[in-house]
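So this one's target.txt, compact mmCIF, C-alpha atoms and all ligand atoms:
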# COMPACT_ATOMS: atom_id res chain seq x y z
CA MET A 1 -11.36 -25.76 -7.86
CA THR A 2 -12.16 -23.69 -4.78
CA ALA A 3 -9.41 -21.19 -4.10
CA SER A 4 -7.60 -20.95 -0.82
CA ILE A 5 -8.05 -17.65 0.99
CA ILE A 6 -4.99 -15.44 1.31
CA ASP A 7 -5.43 -14.18 4.86
CA GLY A 8 -3.99 -10.66 4.77
CA LYS A 9 -5.27 -9.90 8.25
CA ALA A 10 -3.25 -12.75 9.77
CA PHE A 11 -0.18 -11.98 7.64
CA ALA A 12 -0.34 -8.31 8.63
CA GLU A 13 -0.57 -9.24 12.32
CA GLY A 14 2.53 -11.39 11.96
CA LEU A 15 4.39 -8.64 10.10
CA ARG A 16 3.47 -6.07 12.76
CA ALA A 17 4.73 -8.43 15.47
CA ARG A 18 8.04 -8.90 13.61
CA VAL A 19 8.35 -5.12 13.18
CA ALA A 20 7.68 -4.65 16.93
CA ARG A 21 10.45 -7.15 17.77
CA GLU A 22 12.92 -5.28 15.54
CA VAL A 23 11.85 -1.95 17.06
CA ALA A 24 12.52 -3.32 20.55
CA ALA A 25 15.96 -4.56 19.44
CA LEU A 26 16.80 -1.20 17.85
CA LYS A 27 15.87 0.60 21.07
CA ALA A 28 17.83 -1.83 23.26
CA GLU A 29 20.94 -2.08 21.09
CA LYS A 30 21.16 1.38 19.48
CA GLY A 31 19.01 3.57 21.72
CA LEU A 32 16.92 4.55 18.68
CA THR A 33 13.11 4.74 18.64
CA PRO A 34 11.64 4.85 15.12
CA GLY A 35 9.22 7.78 14.77
CA LEU A 36 6.33 8.21 12.34
CA ALA A 37 4.64 11.58 11.80
CA VAL A 38 1.18 11.68 10.23
CA VAL A 39 -0.12 14.94 8.80
CA LEU A 40 -3.90 15.24 8.43
CA VAL A 41 -5.42 18.29 6.78
CA GLY A 42 -9.18 18.82 7.19
CA ASP A 43 -11.84 16.61 8.71
CA ASP A 44 -12.66 13.95 6.09
CA PRO A 45 -14.25 11.18 8.20
CA ALA A 46 -12.59 8.29 6.32
CA SER A 47 -9.16 9.95 6.66
CA GLN A 48 -9.75 10.45 10.38
CA VAL A 49 -10.48 6.72 10.77
CA TYR A 50 -7.31 5.79 8.84
CA VAL A 51 -5.17 8.19 10.86
CA ARG A 52 -6.53 6.89 14.18
CA SER A 53 -5.76 3.33 13.13
CA LYS A 54 -2.24 4.27 11.97
CA THR A 55 -1.53 6.09 15.23
CA ARG A 56 -2.73 3.17 17.36
CA GLN A 57 -0.70 0.62 15.39
CA THR A 58 2.40 2.86 15.50
CA HIS A 59 2.26 2.93 19.30
CA ASP A 60 1.47 -0.81 19.48
CA ALA A 61 4.67 -1.48 17.50
CA GLY A 62 6.69 0.48 20.09
CA MET A 63 7.35 3.40 17.75
CA ALA A 64 6.89 7.08 18.50
CA GLY A 65 3.88 8.61 16.74
CA PHE A 66 3.48 12.31 16.02
CA ASP A 67 0.11 13.61 14.83
CA HIS A 68 -0.17 16.95 13.08
CA ARG A 69 -3.66 18.21 12.32
CA LEU A 70 -4.42 21.27 10.24
CA PRO A 71 -7.81 22.78 9.48
CA ALA A 72 -9.45 22.19 6.08
CA ASN A 73 -8.77 25.82 5.13
CA ALA A 74 -5.03 25.63 5.91
CA ALA A 75 -2.89 27.22 3.19
CA GLU A 76 -0.52 25.09 1.13
CA ALA A 77 2.34 27.08 2.70
CA ASP A 78 1.18 25.99 6.18
CA VAL A 79 1.31 22.32 5.18
CA LEU A 80 4.72 22.80 3.54
CA ALA A 81 5.98 24.45 6.73
CA VAL A 82 4.92 21.41 8.79
CA VAL A 83 6.60 19.04 6.33
CA GLU A 84 9.80 21.06 6.37
CA ARG A 85 9.83 21.07 10.18
CA LEU A 86 9.38 17.29 10.21
CA ASN A 87 12.16 16.87 7.62
CA ARG A 88 14.53 18.54 10.11
CA ASP A 89 13.27 16.66 13.19
CA ALA A 90 15.72 13.88 14.06
CA ALA A 91 13.05 12.00 16.06
CA VAL A 92 10.96 11.58 12.89
CA HIS A 93 12.03 8.84 10.47
CA GLY A 94 8.82 8.61 8.46
CA ILE A 95 6.39 11.29 7.26
CA LEU A 96 2.97 10.41 5.92
CA VAL A 97 0.68 13.10 4.56
CA GLN A 98 -2.82 11.64 4.54
CA LEU A 99 -4.41 11.83 1.08
CA PRO A 100 -6.61 13.17 -0.35
CA LEU A 101 -5.72 16.75 0.57
CA PRO A 102 -8.30 19.55 0.23
CA ALA A 103 -8.66 20.59 -3.42
CA HIS A 104 -6.83 23.92 -3.01
CA ILE A 105 -3.59 22.13 -2.02
CA ALA A 106 -1.42 20.48 -4.70
CA SER A 107 -0.58 17.07 -3.24
CA SER A 108 2.26 16.72 -5.79
CA ARG A 109 4.02 19.78 -4.29
CA ILE A 110 3.53 18.51 -0.73
CA ILE A 111 4.83 15.03 -1.56
CA ALA A 112 7.80 16.52 -3.42
CA ALA A 113 8.70 18.49 -0.28
CA ILE A 114 9.07 15.35 1.88
CA ASP A 115 12.68 14.28 2.39
CA PRO A 116 12.89 11.09 0.21
CA ALA A 117 14.59 9.29 3.13
CA LYS A 118 11.45 9.93 5.23
CA ASP A 119 8.92 9.35 2.42
CA VAL A 120 7.56 6.14 3.95
CA ASP A 121 4.58 6.18 1.57
CA GLY A 122 7.09 5.79 -1.29
CA LEU A 123 5.14 8.24 -3.44
CA SER A 124 7.81 10.84 -4.18
CA ALA A 125 9.29 11.02 -7.68
CA VAL A 126 12.69 10.10 -6.20
CA ASN A 127 11.48 6.85 -4.64
CA ALA A 128 9.20 6.00 -7.59
CA GLY A 129 12.24 6.48 -9.85
CA ARG A 130 14.42 4.32 -7.62
CA LEU A 131 11.85 1.54 -7.94
CA VAL A 132 12.21 1.69 -11.72
CA GLN A 133 16.01 1.80 -11.68
CA ALA A 134 17.09 -0.29 -8.67
CA PRO A 135 18.73 -3.61 -9.47
CA ALA A 136 17.28 -6.92 -8.26
CA GLY A 137 17.79 -7.67 -4.57
CA PRO A 138 16.61 -6.10 -1.34
CA LEU A 139 14.86 -2.75 -1.65
CA ASP A 140 16.86 -0.13 0.24
CA PHE A 141 14.38 2.74 -0.19
CA PRO A 142 10.68 3.18 0.69
CA VAL A 143 8.16 1.54 -1.64
CA ALA A 144 4.43 2.40 -1.78
CA CYS A 145 2.79 0.50 1.07
CA THR A 146 -0.23 -1.12 -0.62
CA PRO A 147 1.66 -2.68 -3.56
CA LEU A 148 4.47 -3.72 -1.21
CA GLY A 149 1.85 -5.51 0.91
CA CYS A 150 0.39 -7.20 -2.20
CA LEU A 151 3.86 -8.41 -3.17
CA MET A 152 4.47 -9.87 0.29
CA LEU A 153 1.15 -11.77 0.09
CA LEU A 154 1.97 -13.05 -3.40
CA LYS A 155 5.43 -14.28 -2.40
CA ASP A 156 4.03 -15.91 0.71
CA SER A 157 1.38 -17.67 -1.37
CA LEU A 158 3.42 -18.60 -4.44
CA GLY A 159 7.08 -18.57 -3.45
CA SER A 160 8.89 -17.57 -6.65
CA LEU A 161 6.92 -15.39 -9.07
CA SER A 162 9.53 -15.79 -11.81
CA GLY A 163 8.14 -16.18 -15.33
CA ALA A 164 4.50 -15.70 -14.30
CA ASP A 165 2.19 -13.71 -16.57
CA ALA A 166 0.85 -10.90 -14.39
CA VAL A 167 -1.93 -8.45 -15.21
CA VAL A 168 -2.37 -5.34 -13.07
CA VAL A 169 -5.73 -3.62 -13.65
CA GLY A 170 -5.29 0.05 -12.68
CA ARG A 171 -2.40 2.42 -13.34
CA SER A 172 -2.49 4.84 -10.41
CA VAL A 173 0.70 6.27 -8.93
CA LEU A 174 -0.46 4.93 -5.55
CA VAL A 175 -1.12 1.30 -6.52
CA GLY A 176 -1.08 0.15 -10.16
CA LYS A 177 2.23 1.58 -11.37
CA PRO A 178 4.38 0.59 -8.37
CA MET A 179 2.67 -2.83 -8.32
CA ALA A 180 3.68 -3.42 -11.93
CA GLN A 181 7.26 -2.34 -11.22
CA LEU A 182 7.52 -4.66 -8.22
CA LEU A 183 6.27 -7.59 -10.32
CA VAL A 184 8.76 -6.83 -13.11
CA ARG A 185 11.53 -6.93 -10.48
CA GLU A 186 10.28 -10.41 -9.54
CA ASP A 187 10.72 -11.49 -13.19
CA CYS A 188 7.02 -11.57 -14.04
CA THR A 189 5.85 -10.63 -17.52
CA VAL A 190 3.59 -7.72 -16.67
CA THR A 191 0.70 -6.08 -18.50
CA MET A 192 -0.81 -2.94 -17.01
CA ALA A 193 -4.48 -2.47 -17.90
CA HIS A 194 -6.74 0.57 -17.44
CA SER A 195 -10.05 2.07 -18.49
CA ARG A 196 -9.06 2.20 -22.18
CA THR A 197 -7.81 -1.39 -22.38
CA ARG A 198 -9.45 -3.41 -25.18
CA ASP A 199 -10.89 -6.81 -24.25
CA LEU A 200 -10.09 -6.59 -20.54
CA PRO A 201 -11.82 -9.93 -19.78
CA GLY A 202 -9.68 -11.72 -22.39
CA LEU A 203 -6.51 -10.07 -21.08
CA CYS A 204 -7.31 -11.00 -17.47
CA ARG A 205 -7.97 -14.61 -18.52
CA ARG A 206 -4.30 -14.91 -19.52
CA ALA A 207 -3.01 -13.90 -16.08
CA ASP A 208 -1.33 -16.31 -13.69
CA ILE A 209 -1.31 -13.38 -11.26
CA LEU A 210 -4.22 -10.95 -11.44
CA VAL A 211 -4.10 -7.75 -9.38
CA ALA A 212 -7.23 -5.59 -9.49
CA ALA A 213 -6.92 -1.98 -8.31
CA THR A 214 -9.70 0.03 -9.93
CA GLY A 215 -12.28 0.88 -7.25
CA ARG A 216 -15.03 -0.56 -9.52
CA ALA A 217 -17.13 -2.83 -7.32
CA GLU A 218 -17.01 -6.50 -8.39
CA MET A 219 -16.01 -5.57 -11.94
CA VAL A 220 -13.77 -8.61 -12.45
CA LYS A 221 -16.13 -11.53 -13.04
CA GLY A 222 -15.47 -15.18 -12.30
CA ASP A 223 -15.03 -16.02 -15.98
CA TRP A 224 -12.32 -13.34 -16.31
CA VAL A 225 -10.09 -15.43 -14.05
CA LYS A 226 -7.73 -18.06 -15.47
CA PRO A 227 -8.22 -21.43 -13.77
CA GLY A 228 -5.49 -21.76 -11.14
CA ALA A 229 -4.64 -18.03 -11.06
CA THR A 230 -3.71 -16.11 -7.92
CA VAL A 231 -5.97 -13.10 -7.46
CA ILE A 232 -5.12 -10.01 -5.39
CA ASP A 233 -8.05 -7.66 -4.89
CA VAL A 234 -6.97 -4.16 -3.84
CA GLY A 235 -10.31 -2.42 -4.36
CA ILE A 236 -12.46 -1.30 -1.46
CA THR A 237 -15.95 -0.02 -2.23
CA ARG A 238 -18.93 0.39 0.05
CA ILE A 239 -22.20 -0.78 -1.52
CA ALA A 240 -25.72 -1.38 -0.27
CA GLY A 241 -26.31 -5.08 0.38
CA ALA A 242 -29.59 -6.96 -0.29
CA ASP A 243 -30.61 -6.26 3.31
CA GLY A 244 -30.11 -2.52 2.76
CA LYS A 245 -27.02 -2.48 5.02
CA GLN A 246 -23.72 -1.14 3.72
CA ARG A 247 -20.99 -3.68 3.04
CA LEU A 248 -17.45 -3.57 1.69
CA VAL A 249 -16.65 -5.28 -1.59
CA GLY A 250 -13.57 -5.47 -3.75
CA ASP A 251 -13.00 -5.13 -7.50
CA VAL A 252 -13.46 -8.88 -7.95
CA ALA A 253 -16.74 -10.84 -7.85
CA PHE A 254 -15.36 -12.91 -5.00
CA ALA A 255 -17.73 -15.91 -4.84
CA ALA A 256 -17.48 -16.65 -8.58
CA ALA A 257 -13.72 -15.99 -8.80
CA ARG A 258 -13.10 -18.25 -5.82
CA GLU A 259 -14.47 -21.21 -7.81
CA VAL A 260 -11.82 -20.72 -10.50
CA ALA A 261 -8.71 -19.28 -8.84
CA ARG A 262 -6.01 -21.14 -6.92
CA ALA A 263 -5.79 -18.46 -4.21
CA ILE A 264 -7.56 -15.15 -3.64
CA THR A 265 -7.60 -12.26 -1.17
CA PRO A 266 -10.97 -11.46 0.45
CA VAL A 267 -12.37 -7.95 1.00
CA PRO A 268 -12.24 -7.03 3.81
CA GLY A 269 -9.35 -8.91 5.42
CA GLY A 270 -7.04 -9.23 2.41
CA VAL A 271 -4.90 -6.38 1.15
CA GLY A 272 -6.40 -3.70 3.45
CA PRO A 273 -4.60 -4.65 6.69
CA MET A 274 -1.28 -4.96 4.83
CA THR A 275 -1.11 -1.26 4.00
CA VAL A 276 -0.60 -0.01 7.57
CA ALA A 277 1.64 -2.99 8.42
CA CYS A 278 3.87 -2.01 5.47
CA LEU A 279 3.86 1.61 6.61
CA LEU A 280 5.32 0.45 9.94
CA HIS A 281 7.76 -1.79 8.05
CA ASN A 282 8.89 1.19 5.93
CA THR A 283 9.28 3.41 9.02
CA LEU A 284 11.43 0.80 10.78
CA GLN A 285 13.64 0.44 7.70
CA ALA A 286 13.92 4.25 7.35
CA ALA A 287 15.03 4.51 10.99
CA ARG A 288 17.65 1.78 10.43
CA ARG A 289 18.97 3.54 7.32
CA SER A 290 19.22 6.82 9.27
CA ILE A 291 22.01 5.26 11.35
CA GLY A 292 23.62 3.35 8.49
CA LEU A 293 22.06 -0.08 9.11
CA GLY A 294 20.84 -2.28 6.24
CA PRO A 295 17.22 -3.44 5.99
CA ALA A 296 15.90 -5.80 8.67
CA VAL A 297 14.78 -9.08 7.08
CA LEU A 298 11.14 -9.47 8.13
P1 LIG B 1 -7.52 5.44 -8.85
O1 LIG B 1 -8.90 5.92 -9.03
O2 LIG B 1 -6.41 6.41 -8.69
O3 LIG B 1 -7.14 4.52 -10.11
C1 LIG B 1 -8.04 3.60 -10.61
C2 LIG B 1 -7.44 2.91 -11.81
O4 LIG B 1 -8.39 1.95 -12.29
C3 LIG B 1 -7.16 3.87 -12.99
O5 LIG B 1 -5.90 3.59 -13.55
C4 LIG B 1 -8.30 3.59 -13.96
O6 LIG B 1 -7.94 3.70 -15.31
C5 LIG B 1 -8.58 2.12 -13.66
N1 LIG B 1 -9.97 1.82 -14.04
C6 LIG B 1 -11.09 2.47 -13.64
N2 LIG B 1 -12.18 1.91 -14.22
C7 LIG B 1 -11.73 0.89 -14.97
C8 LIG B 1 -12.36 -0.02 -15.82
N3 LIG B 1 -13.69 -0.03 -16.00
N4 LIG B 1 -11.59 -0.94 -16.48
C9 LIG B 1 -10.26 -0.93 -16.30
N5 LIG B 1 -9.59 -0.07 -15.51
C10 LIG B 1 -10.32 0.84 -14.86
O7 LIG B 1 -7.58 4.41 -7.64
P2 LIG B 1 -6.42 3.84 -6.68
O8 LIG B 1 -5.39 3.12 -7.46
O9 LIG B 1 -6.00 4.87 -5.71
O10 LIG B 1 -7.29 2.78 -5.85
C11 LIG B 1 -7.92 1.68 -6.49
C12 LIG B 1 -8.78 0.95 -5.49
O11 LIG B 1 -7.96 0.44 -4.46
C13 LIG B 1 -9.83 1.82 -4.77
O12 LIG B 1 -10.98 1.00 -4.51
C14 LIG B 1 -9.17 2.15 -3.47
O13 LIG B 1 -10.13 2.39 -2.43
C15 LIG B 1 -8.41 0.89 -3.20
N6 LIG B 1 -7.24 1.08 -2.34
C16 LIG B 1 -7.10 0.22 -1.32
C17 LIG B 1 -6.01 0.33 -0.48
C18 LIG B 1 -5.87 -0.64 0.60
O14 LIG B 1 -5.22 -0.36 1.60
N7 LIG B 1 -6.41 -1.85 0.46
C19 LIG B 1 -5.03 1.41 -0.61
C20 LIG B 1 -5.21 2.21 -1.80
C21 LIG B 1 -6.30 2.05 -2.62
P3 LIG B 1 -7.55 5.13 -16.01
O15 LIG B 1 -6.15 5.41 -15.55
O16 LIG B 1 -7.66 4.84 -17.45
O17 LIG B 1 -8.55 6.12 -15.49
Show the structure stored in the file as structure tokens.
Ligand code: NDP
Amino acid sequence: MTASIIDGKAFAEGLRARVAREVAALKAEKGLTPGLAVVLVGDDPASQVYVRSKTRQTHDAGMAGFDHRLPANAAEADVLAVVERLNRDAAVHGILVQLPLPAHIASSRIIAAIDPAKDVDGLSAVNAGRLVQAPAGPLDFPVACTPLGCLMLLKDSLGSLSGADAVVVGRSVLVGKPMAQLLVREDCTVTMAHSRTRDLPGLCRRADILVAATGRAEMVKGDWVKPGATVIDVGITRIAGADGKQRLVGDVAFAAAREVARAITPVPGGVGPMTVACLLHNTLQAARRSIGLGPAVL
């Protein structure tokens, strides 16, 4: 079997277009422009690239974008002051603090300071807790963007996920844990694996849905994949190719896994583009909630 490719780039483009339509309707009907503030501390080149891309896509969707840049030596109190100002700013519906922060700043304290209603990254303890406790049905609070994007791709590819055996490799607060919670809500039977898991290949081979989020280049081999499984590869690692040029690879050995799986996300062009699209989705929904509207169905 050669797997079909789950085209996250195309899906993300469609999602961004649907968000832009809803933004236009919100402006026309309610006079409200969703606003996203991005806070960048320091000059990490990768973070600068991400922030530029987020800002461009925010404007393309018709939203207001607010960039706040602080120097690498900014004090934690300075970052907290910016967050608190944004919490009070009625034009701002979503606040994203670009991670990682410089080592002298406790990201947990910064994230905890963001108003949960504006926490469009879904990383605060309040929103992570809501994800655990919320009943089945539409999510009426922000959920971490990358796992939300993975879930959208899975539902688009498979329809119902009910009853599927799912294995999530990775247990980070950013990806693995919220991913597992989202899959439980979809009635999957979920196993979360990590660096201490025994017989990871054998565990993965039982998965109808395999999500890899470790950052270990091509760790998941083709014979770890159950025939007919759906594989979501979150990992992004830059490695030197045979020609000496740098290239991006995921956590899954793509060519071998593709011969076994039913459907698989490529790297790049799979999960990556979904993250910013879901950030815009979360900002739109936060703006709607701020005036008492329910979630737009996108
Ligand atoms: P973290 O480093 O926070 O977490 C990695 C997880 O993988 C940990 O739970 C770790 O286990 C587990 N792990 C590491 N090595 C192994 C191993 N050999 N076997 C099994 N499990 C292992 O990473 P993130 O969750 O933040 O990110 C994961 C990957 O996803 C990275 O490549 C990152 O770049 C990418 N990413 C992509 C995004 C996108 O937009 N596409 C967005 C966010 C992340 P333990 O807990 O035991 O240490």
Please identify every polymer residue within 9 Å of ligand LIG 1 (chain B), using only C-alpha atoms and all ligand atoms, and present the set as an MDAnalysis selection string. chainID A and resid 145:147 149 169:177 192:197 200 212:217 219:220 233:237 249:251 267:268 270:276
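At a cut-off of 8 Å from (3.4, 6.9, 14.9), the residue set is Gly35, Leu36, Ala37, Val38, Lys54, Thr55, Arg56, Gln57, Thr58, His59, Met63, Ala64, Gly65, Phe66 and Asp67 of chain A (counting only C-alpha atoms).
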Give me the residues near Asp223 in chain A as a list in words, where near means some atom within 9 Å (using only C-alpha atoms) and where sequence neighbours in that chain fewer than 4 positions away do not count.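 Residues near the query, excluding close chain neighbours: Pro201, Arg205, Pro227, Ala256, Ala257 and Val260 of chain A.
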Which centre and edge lengths in Å to one decimal define the box along x, y and z that fits every listed atom of range 248-260 of chain A plus 5 Å per side, as JSON?
{"center_x": -14.8, "center_y": -12.4, "center_z": -4.4, "size_x": 15.9, "size_y": 27.6, "size_z": 22.2}
Between CA of Ala112 in chain A and CA of Leu80 in chain A, measure the distance and give it in Å to one decimal. 9.9 Å
Go through range 1-62 of chain A and flag each residue having an atom no more than 10 Å from range 155-161 of chain A; for those, report the closest pair of atoms plus their distance in Å to one decimal, using only C-alpha atoms, ordered by chain and rising number, as a tab-separated table.
residue	atom	partner	partner_atom	distance
A:Ser4	CA	A:Ser157	CA	9.6
A:Ile5	CA	A:Ser157	CA	9.7
A:Ile6	CA	A:Ser157	CA	7.3
A:Asp7	CA	A:Ser157	CA	9.9
A:Phe11	CA	A:Asp156	CA	9.0
Distance CA of Phe254 in chain A-CA of Trp224 in chain A, one decimal place? 11.7 Å
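Among the candidates A:Lys9, A:Arg288, A:Arg198, A:Arg130, the one nearest to Pro116 in chain A when counting all atoms listed in the file is A:Arg130.
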List the neighbours of Thr283 in chain A out to 12 Å using only C-alpha atoms; skip same-chain residues closer than 5 positions along the sequence, and give me the result as a ChimeraX atom specification. /A:16,19-20,22-23,33-38,54,58,61-65,91-96,117-122,141-145,276-278,288-290,295-296
Identify which of the residues A:Leu70, A:Met179, A:Ala46, A:Val184 lies closest to Ser162 in chain A, counting all atoms listed in the file when measuring atom-to-atom distances.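 Closest residue, counting all atoms listed in the file: A:Val184.
Interatomic distance, CA of Arg258 in chain A against CA of Arg206 in chain A: 16.6 Å.
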Please tabulate, as a Markdown table, the residues of range 17-85 of chain A that come within 12 Å of range 104-111 of chain A, each with its closest pair of atoms and the distance in Å to one decimal, counting all atoms listed in the file and ordering rows by chain, then residue number upward.
| residue | atom | partner | partner_atom | distance |
| --- | --- | --- | --- | --- |
| A:Val39 | CA | A:Ile110 | CA | 10.8 |
| A:Val41 | CA | A:Ile105 | CA | 9.8 |
| A:Gly42 | CA | A:Ile105 | CA | 11.3 |
| A:Ala72 | CA | A:His104 | CA | 9.6 |
| A:Asn73 | CA | A:His104 | CA | 8.6 |
| A:Ala74 | CA | A:Ile105 | CA | 8.8 |
| A:Ala75 | CA | A:Ile105 | CA | 7.3 |
| A:Glu76 | CA | A:Ile105 | CA | 5.3 |
| A:Ala77 | CA | A:Ile105 | CA | 9.1 |
| A:Asp78 | CA | A:Ile105 | CA | 10.2 |
| A:Val79 | CA | A:Ile110 | CA | 7.4 |
| A:Leu80 | CA | A:Ile110 | CA | 6.2 |
| A:Ala81 | CA | A:Ile110 | CA | 9.8 |
| A:Val82 | CA | A:Ile110 | CA | 10.0 |
| A:Val83 | CA | A:Ile110 | CA | 7.7 |
| A:Glu84 | CA | A:Ile110 | CA | 9.8 |
Taking all atoms listed in the file into account, name the residue in A:Leu148, A:Val225, A:Ala166, A:Leu32 that is nearest to Ala255 in chain A. A:Val225
Can you rebuild range 44-55 of chain A with N, CA and C atoms and give it as a PDB file, keeping the file's coordinate frame?
ATOM      1  N   ASP A  44     -12.048  15.051   6.832  1.00  0.00           N
ATOM      2  CA  ASP A  44     -12.660  13.950   6.090  1.00  0.00           C
ATOM      3  C   ASP A  44     -12.811  12.743   7.022  1.00  0.00           C
ATOM      4  N   PRO A  45     -14.052  12.238   7.210  1.00  0.00           N
ATOM      5  CA  PRO A  45     -14.250  11.180   8.200  1.00  0.00           C
ATOM      6  C   PRO A  45     -13.435   9.913   7.921  1.00  0.00           C
ATOM      7  N   ALA A  46     -13.353   9.504   6.642  1.00  0.00           N
ATOM      8  CA  ALA A  46     -12.590   8.290   6.320  1.00  0.00           C
ATOM      9  C   ALA A  46     -11.118   8.480   6.668  1.00  0.00           C
ATOM     10  N   SER A  47     -10.577   9.677   6.355  1.00  0.00           N
ATOM     11  CA  SER A  47      -9.160   9.950   6.660  1.00  0.00           C
ATOM     12  C   SER A  47      -8.933   9.925   8.162  1.00  0.00           C
ATOM     13  N   GLN A  48      -9.910  10.447   8.919  1.00  0.00           N
ATOM     14  CA  GLN A  48      -9.750  10.450  10.380  1.00  0.00           C
ATOM     15  C   GLN A  48      -9.678   9.016  10.918  1.00  0.00           C
ATOM     16  N   VAL A  49     -10.509   8.129  10.344  1.00  0.00           N
ATOM     17  CA  VAL A  49     -10.480   6.720  10.770  1.00  0.00           C
ATOM     18  C   VAL A  49      -9.119   6.113  10.457  1.00  0.00           C
ATOM     19  N   TYR A  50      -8.613   6.355   9.222  1.00  0.00           N
ATOM     20  CA  TYR A  50      -7.310   5.790   8.840  1.00  0.00           C
ATOM     21  C   TYR A  50      -6.210   6.294   9.766  1.00  0.00           C
ATOM     22  N   VAL A  51      -6.241   7.599  10.056  1.00  0.00           N
ATOM     23  CA  VAL A  51      -5.170   8.190  10.860  1.00  0.00           C
ATOM     24  C   VAL A  51      -5.209   7.624  12.285  1.00  0.00           C
ATOM     25  N   ARG A  52      -6.425   7.472  12.827  1.00  0.00           N
ATOM     26  CA  ARG A  52      -6.530   6.890  14.180  1.00  0.00           C
ATOM     27  C   ARG A  52      -5.935   5.491  14.199  1.00  0.00           C
ATOM     28  N   SER A  53      -6.254   4.703  13.187  1.00  0.00           N
ATOM     29  CA  SER A  53      -5.760   3.330  13.130  1.00  0.00           C
ATOM     30  C   SER A  53      -4.233   3.311  12.974  1.00  0.00           C
ATOM     31  N   LYS A  54      -3.692   4.207  12.145  1.00  0.00           N
ATOM     32  CA  LYS A  54      -2.240   4.270  11.970  1.00  0.00           C
ATOM     33  C   LYS A  54      -1.563   4.644  13.283  1.00  0.00           C
ATOM     34  N   THR A  55      -2.140   5.626  13.980  1.00  0.00           N
ATOM     35  CA  THR A  55      -1.530   6.090  15.230  1.00  0.00           C
ATOM     36  C   THR A  55      -1.517   4.968  16.266  1.00  0.00           C
TER      37      THR A  55
END
